[in-house]
Amino acid sequence: MYKVFFNDHQLLWNPKIKNSLKDNIDQFVEIEDVETLFLMLSKLEKTECVVKLFLSSKKVDLLSFLREQLTRIDAAGGIVRNANGKLLFIKRFGKWDLPKGKIEQGETPDLAAVREVEEECGIHALQVVKKLPSTFHIYRSPYIKETNNWVLKETHWFEMSYAGNEKLAPQTEEQIEEVCWLTPSQLEMVYRNTFGNLKELLGHYMGQAIEISS
């Protein structure tokens, strides 16, 4: 199943699961062309309650279509675990987050993820353990002058290990207010004040079912 977040709204699709998900989806939307897509996003933008939309299309592959019609940004980041089993988190604009950032030209996603963690948290000698599922979200960019200034951001995630004891140092020029190590038992605090796509990622990583709209 594909899942793209727009704020905390969820856009889902996969023809094989349409019938099984019918009772859990707020609405079905047929995407016929780019105008249909932009209209749906504009309506979602004005919707205050959190909804799940099941997308379908007889004409296009939806992920490829989103990548073609929206401005694409690739980012990378990490879930970092230290020798004590704690996980690394940052707080930015008052919300808990994971260290991540844009992939620079010529970088591979894994190298970009390590660089971003190092820059945002002030630690080094990270070891990439494995690739994790990517997350996708859509937002408007104030830097794009067109009316339909939608961006599709794919973040490539990696599990990393860290064996050092460096003092954490938030990258304040990136508006990072705090960096800290949290135990798995403290994640409920994170879930209450983070983004839907990160709840999804952390739930997958920890093997937990997280209610996205909570």
# chains A, B, ... in the order shown; residues from 1 in each chain; ligands from 1
$ closest_atom_pairs --of "stretch 71-149 of chain A" --to "stretch 168-191 of chain A" --cutoff "8 Å" --atoms "only C-alpha atoms" --output "CSV"
residue,atom,partner,partner_atom,distance
A:Gly85,CA,A:Thr183,CA,6.9
A:Lys86,CA,A:Thr183,CA,4.6
A:Leu87,CA,A:Leu182,CA,5.3
A:Leu88,CA,A:Trp181,CA,4.7
A:Phe89,CA,A:Cys180,CA,5.6
A:Ile90,CA,A:Val179,CA,4.4
A:Lys91,CA,A:Glu178,CA,5.1
A:Arg92,CA,A:Ile176,CA,4.6
A:Phe93,CA,A:Gln175,CA,7.0
A:Gly94,CA,A:Glu177,CA,7.8
A:Trp96,CA,A:Val190,CA,5.9
A:Glu119,CA,A:Gln171,CA,6.6
A:Glu120,CA,A:Gln171,CA,4.7
A:Cys121,CA,A:Pro170,CA,5.0
A:Gly122,CA,A:Ala169,CA,4.8
A:Ile123,CA,A:Leu168,CA,6.5
$ write_last_selection --atoms "N, CA, C and O atoms" --output "CSV table (one decimal), in the first residue's frame"
chain,number,residue,atom,x,y,z
A,85,GLY,N,20.6,1.8,23.9
A,85,GLY,CA,19.2,1.5,23.4
A,85,GLY,C,18.3,2.7,23.2
A,85,GLY,O,17.1,2.6,22.9
A,86,LYS,N,18.9,3.9,23.5
A,86,LYS,CA,18.1,5.2,23.3
A,86,LYS,C,18.1,5.6,21.9
A,86,LYS,O,19.0,5.4,21.1
A,87,LEU,N,17.1,6.4,21.5
A,87,LEU,CA,16.9,6.9,20.2
A,87,LEU,C,17.1,8.4,20.2
A,87,LEU,O,16.7,9.1,21.1
A,88,LEU,N,17.6,8.9,19.1
A,88,LEU,CA,18.0,10.3,18.9
A,88,LEU,C,16.8,11.1,18.3
A,88,LEU,O,16.4,10.8,17.2
A,89,PHE,N,16.4,12.2,19.0
A,89,PHE,CA,15.4,13.1,18.5
A,89,PHE,C,15.8,14.5,18.5
A,89,PHE,O,16.7,14.9,19.4
A,90,ILE,N,15.2,15.3,17.7
A,90,ILE,CA,15.4,16.7,17.7
A,90,ILE,C,14.0,17.4,17.9
A,90,ILE,O,13.0,16.8,17.7
A,91,LYS,N,14.0,18.6,18.4
A,91,LYS,CA,12.8,19.4,18.5
A,91,LYS,C,13.0,20.7,17.6
A,91,LYS,O,14.0,21.4,17.8
A,92,ARG,N,12.0,20.9,16.7
A,92,ARG,CA,12.1,22.0,15.8
A,92,ARG,C,10.7,22.7,15.7
A,92,ARG,O,9.8,21.9,15.5
A,93,PHE,N,10.7,24.0,15.9
A,93,PHE,CA,9.4,24.7,15.9
A,93,PHE,C,8.4,24.1,16.8
A,93,PHE,O,7.2,24.0,16.6
A,94,GLY,N,8.9,23.6,18.0
A,94,GLY,CA,8.1,23.1,19.0
A,94,GLY,C,7.6,21.7,18.9
A,94,GLY,O,6.8,21.2,19.7
A,96,TRP,N,8.5,17.4,18.0
A,96,TRP,CA,9.5,16.4,18.0
A,96,TRP,C,9.7,15.9,16.5
A,96,TRP,O,8.7,15.8,15.8
A,119,GLU,N,25.3,17.0,11.2
A,119,GLU,CA,25.2,18.5,11.2
A,119,GLU,C,24.1,18.9,12.2
A,119,GLU,O,24.3,19.9,12.9
A,120,GLU,N,23.0,18.2,12.2
A,120,GLU,CA,21.9,18.7,13.1
A,120,GLU,C,22.1,18.4,14.5
A,120,GLU,O,21.5,19.1,15.4
A,121,CYS,N,22.9,17.3,14.8
A,121,CYS,CA,23.0,16.9,16.2
A,121,CYS,C,24.4,16.9,16.8
A,121,CYS,O,24.5,16.8,18.0
A,122,GLY,N,25.4,17.2,16.0
A,122,GLY,CA,26.7,17.4,16.5
A,122,GLY,C,27.5,16.1,16.9
A,122,GLY,O,28.4,16.1,17.8
A,123,ILE,N,27.1,14.9,16.3
A,123,ILE,CA,27.8,13.7,16.6
A,123,ILE,C,28.4,13.1,15.4
A,123,ILE,O,28.0,13.5,14.3
$ select_by_dssp --residues "stretch 91-185 of chain A" --states "helix (DSSP H, G or I)" --output "VMD selection string"
chain A and resid 109 to 121 172 to 174 184 to 185
$ write_last_selection --atoms "N, CA, C and O atoms" --output "PDB file, in the first residue's frame"
ATOM      1  N   PRO A 109      21.611   8.654  -0.930  1.00  0.00           N
ATOM      2  CA  PRO A 109      20.746   8.866   0.230  1.00  0.00           C
ATOM      3  C   PRO A 109      21.376   8.490   1.565  1.00  0.00           C
ATOM      4  O   PRO A 109      21.190   9.196   2.559  1.00  0.00           O
ATOM      5  N   ASP A 110      22.129   7.398   1.621  1.00  0.00           N
ATOM      6  CA  ASP A 110      22.717   6.987   2.900  1.00  0.00           C
ATOM      7  C   ASP A 110      23.771   7.979   3.386  1.00  0.00           C
ATOM      8  O   ASP A 110      23.820   8.315   4.580  1.00  0.00           O
ATOM      9  N   LEU A 111      24.589   8.490   2.465  1.00  0.00           N
ATOM     10  CA  LEU A 111      25.594   9.480   2.867  1.00  0.00           C
ATOM     11  C   LEU A 111      24.944  10.795   3.274  1.00  0.00           C
ATOM     12  O   LEU A 111      25.391  11.453   4.231  1.00  0.00           O
ATOM     13  N   ALA A 112      23.882  11.171   2.581  1.00  0.00           N
ATOM     14  CA  ALA A 112      23.161  12.388   2.954  1.00  0.00           C
ATOM     15  C   ALA A 112      22.541  12.247   4.336  1.00  0.00           C
ATOM     16  O   ALA A 112      22.547  13.194   5.135  1.00  0.00           O
ATOM     17  N   ALA A 113      21.987  11.069   4.634  1.00  0.00           N
ATOM     18  CA  ALA A 113      21.370  10.841   5.942  1.00  0.00           C
ATOM     19  C   ALA A 113      22.397  10.973   7.062  1.00  0.00           C
ATOM     20  O   ALA A 113      22.137  11.617   8.087  1.00  0.00           O
ATOM     21  N   VAL A 114      23.564  10.377   6.866  1.00  0.00           N
ATOM     22  CA  VAL A 114      24.618  10.480   7.885  1.00  0.00           C
ATOM     23  C   VAL A 114      25.057  11.925   8.052  1.00  0.00           C
ATOM     24  O   VAL A 114      25.208  12.428   9.181  1.00  0.00           O
ATOM     25  N   ARG A 115      25.264  12.634   6.954  1.00  0.00           N
ATOM     26  CA  ARG A 115      25.688  14.034   7.038  1.00  0.00           C
ATOM     27  C   ARG A 115      24.665  14.883   7.777  1.00  0.00           C
ATOM     28  O   ARG A 115      25.017  15.710   8.628  1.00  0.00           O
ATOM     29  N   GLU A 116      23.389  14.687   7.480  1.00  0.00           N
ATOM     30  CA  GLU A 116      22.358  15.488   8.127  1.00  0.00           C
ATOM     31  C   GLU A 116      22.304  15.229   9.632  1.00  0.00           C
ATOM     32  O   GLU A 116      22.142  16.160  10.426  1.00  0.00           O
ATOM     33  N   VAL A 117      22.429  13.984  10.045  1.00  0.00           N
ATOM     34  CA  VAL A 117      22.437  13.680  11.479  1.00  0.00           C
ATOM     35  C   VAL A 117      23.638  14.337  12.146  1.00  0.00           C
ATOM     36  O   VAL A 117      23.524  14.947  13.227  1.00  0.00           O
ATOM     37  N   GLU A 118      24.799  14.241  11.507  1.00  0.00           N
ATOM     38  CA  GLU A 118      26.000  14.857  12.068  1.00  0.00           C
ATOM     39  C   GLU A 118      25.835  16.365  12.214  1.00  0.00           C
ATOM     40  O   GLU A 118      26.163  16.948  13.262  1.00  0.00           O
ATOM     41  N   GLU A 119      25.314  17.001  11.171  1.00  0.00           N
ATOM     42  CA  GLU A 119      25.179  18.457  11.190  1.00  0.00           C
ATOM     43  C   GLU A 119      24.129  18.926  12.189  1.00  0.00           C
ATOM     44  O   GLU A 119      24.333  19.916  12.908  1.00  0.00           O
ATOM     45  N   GLU A 120      23.007  18.239  12.241  1.00  0.00           N
ATOM     46  CA  GLU A 120      21.909  18.711  13.081  1.00  0.00           C
ATOM     47  C   GLU A 120      22.080  18.378  14.547  1.00  0.00           C
ATOM     48  O   GLU A 120      21.502  19.059  15.410  1.00  0.00           O
ATOM     49  N   CYS A 121      22.880  17.326  14.841  1.00  0.00           N
ATOM     50  CA  CYS A 121      22.976  16.855  16.227  1.00  0.00           C
ATOM     51  C   CYS A 121      24.376  16.949  16.819  1.00  0.00           C
ATOM     52  O   CYS A 121      24.540  16.787  18.038  1.00  0.00           O
ATOM     53  N   THR A 172      21.455  25.285  15.545  1.00  0.00           N
ATOM     54  CA  THR A 172      20.486  26.360  15.781  1.00  0.00           C
ATOM     55  C   THR A 172      20.162  27.139  14.512  1.00  0.00           C
ATOM     56  O   THR A 172      19.052  27.672  14.386  1.00  0.00           O
ATOM     57  N   GLU A 173      21.082  27.189  13.558  1.00  0.00           N
ATOM     58  CA  GLU A 173      20.790  27.910  12.310  1.00  0.00           C
ATOM     59  C   GLU A 173      19.715  27.202  11.487  1.00  0.00           C
ATOM     60  O   GLU A 173      19.150  27.788  10.563  1.00  0.00           O
ATOM     61  N   GLU A 174      19.424  25.947  11.821  1.00  0.00           N
ATOM     62  CA  GLU A 174      18.327  25.206  11.197  1.00  0.00           C
ATOM     63  C   GLU A 174      17.104  25.178  12.112  1.00  0.00           C
ATOM     64  O   GLU A 174      16.227  24.316  11.962  1.00  0.00           O
ATOM     65  N   PRO A 184      12.800   4.031  24.603  1.00  0.00           N
ATOM     66  CA  PRO A 184      11.547   3.620  23.944  1.00  0.00           C
ATOM     67  C   PRO A 184      10.316   3.907  24.792  1.00  0.00           C
ATOM     68  O   PRO A 184       9.243   4.187  24.251  1.00  0.00           O
ATOM     69  N   SER A 185      10.441   3.858  26.126  1.00  0.00           N
ATOM     70  CA  SER A 185       9.289   4.122  26.986  1.00  0.00           C
ATOM     71  C   SER A 185       8.863   5.582  26.956  1.00  0.00           C
ATOM     72  O   SER A 185       7.759   5.919  27.390  1.00  0.00           O
TER      73      SER A 185
END
$ closest_residue --among "A:Leu70, A:Leu62, A:Val29, A:Leu37" --to "A:Ser141" --atoms "only C-alpha atoms"
A:Leu70
$ closest_residue --among "A:Asn193, A:Asn7, A:Gln27, A:Asn84" --to "A:Tyr162" --atoms "only C-alpha atoms"
A:Asn84
$ select_by_dssp --residues "stretch 66-168 of chain A" --states "strand (DSSP E or B)" --output "PyMOL selection string"
chain A and resi 71-82+87-92+95-97+100-102+127-140+150-162
$ closest_atom_pairs --of "stretch 99-146 of chain A" --to "stretch 43-51 of chain A" --cutoff "12 Å" --atoms "only C-alpha atoms" --output "CSV"
residue,atom,partner,partner_atom,distance
A:Ile138,CA,A:Glu45,CA,10.6
A:Tyr139,CA,A:Glu45,CA,9.3
A:Arg140,CA,A:Glu45,CA,9.6
$ write_last_selection --atoms "all heavy atoms" --output "PDB file, in the first residue's frame"
ATOM      1  N   ILE A 138       3.161  15.822   1.046  1.00  0.00           N
ATOM      2  CA  ILE A 138       2.875  16.900   0.099  1.00  0.00           C
ATOM      3  C   ILE A 138       2.659  18.186   0.873  1.00  0.00           C
ATOM      4  O   ILE A 138       2.029  18.187   1.933  1.00  0.00           O
ATOM      5  CB  ILE A 138       1.623  16.562  -0.735  1.00  0.00           C
ATOM      6  CG1 ILE A 138       1.902  15.370  -1.661  1.00  0.00           C
ATOM      7  CG2 ILE A 138       1.163  17.766  -1.565  1.00  0.00           C
ATOM      8  CD1 ILE A 138       0.665  14.849  -2.379  1.00  0.00           C
ATOM      9  N   TYR A 139       3.184  19.279   0.352  1.00  0.00           N
ATOM     10  CA  TYR A 139       2.977  20.586   0.985  1.00  0.00           C
ATOM     11  C   TYR A 139       3.119  21.674  -0.072  1.00  0.00           C
ATOM     12  O   TYR A 139       3.618  21.440  -1.172  1.00  0.00           O
ATOM     13  CB  TYR A 139       3.968  20.803   2.136  1.00  0.00           C
ATOM     14  CG  TYR A 139       5.423  20.819   1.724  1.00  0.00           C
ATOM     15  CD1 TYR A 139       6.079  22.017   1.434  1.00  0.00           C
ATOM     16  CD2 TYR A 139       6.156  19.637   1.631  1.00  0.00           C
ATOM     17  CE1 TYR A 139       7.415  22.037   1.059  1.00  0.00           C
ATOM     18  CE2 TYR A 139       7.492  19.643   1.261  1.00  0.00           C
ATOM     19  CZ  TYR A 139       8.109  20.844   0.975  1.00  0.00           C
ATOM     20  OH  TYR A 139       9.435  20.859   0.593  1.00  0.00           O
ATOM     21  N   ARG A 140       2.676  22.862   0.289  1.00  0.00           N
ATOM     22  CA  ARG A 140       2.870  24.025  -0.581  1.00  0.00           C
ATOM     23  C   ARG A 140       4.207  24.677  -0.268  1.00  0.00           C
ATOM     24  O   ARG A 140       4.582  24.817   0.892  1.00  0.00           O
ATOM     25  CB  ARG A 140       1.762  25.052  -0.363  1.00  0.00           C
ATOM     26  CG  ARG A 140       0.456  24.746  -1.055  1.00  0.00           C
ATOM     27  CD  ARG A 140      -0.425  25.969  -1.028  1.00  0.00           C
ATOM     28  NE  ARG A 140      -1.758  25.754  -1.561  1.00  0.00           N
ATOM     29  CZ  ARG A 140      -2.073  25.869  -2.849  1.00  0.00           C
ATOM     30  NH1 ARG A 140      -1.150  26.181  -3.740  1.00  0.00           N
ATOM     31  NH2 ARG A 140      -3.321  25.677  -3.248  1.00  0.00           N
TER      32      ARG A 140
END
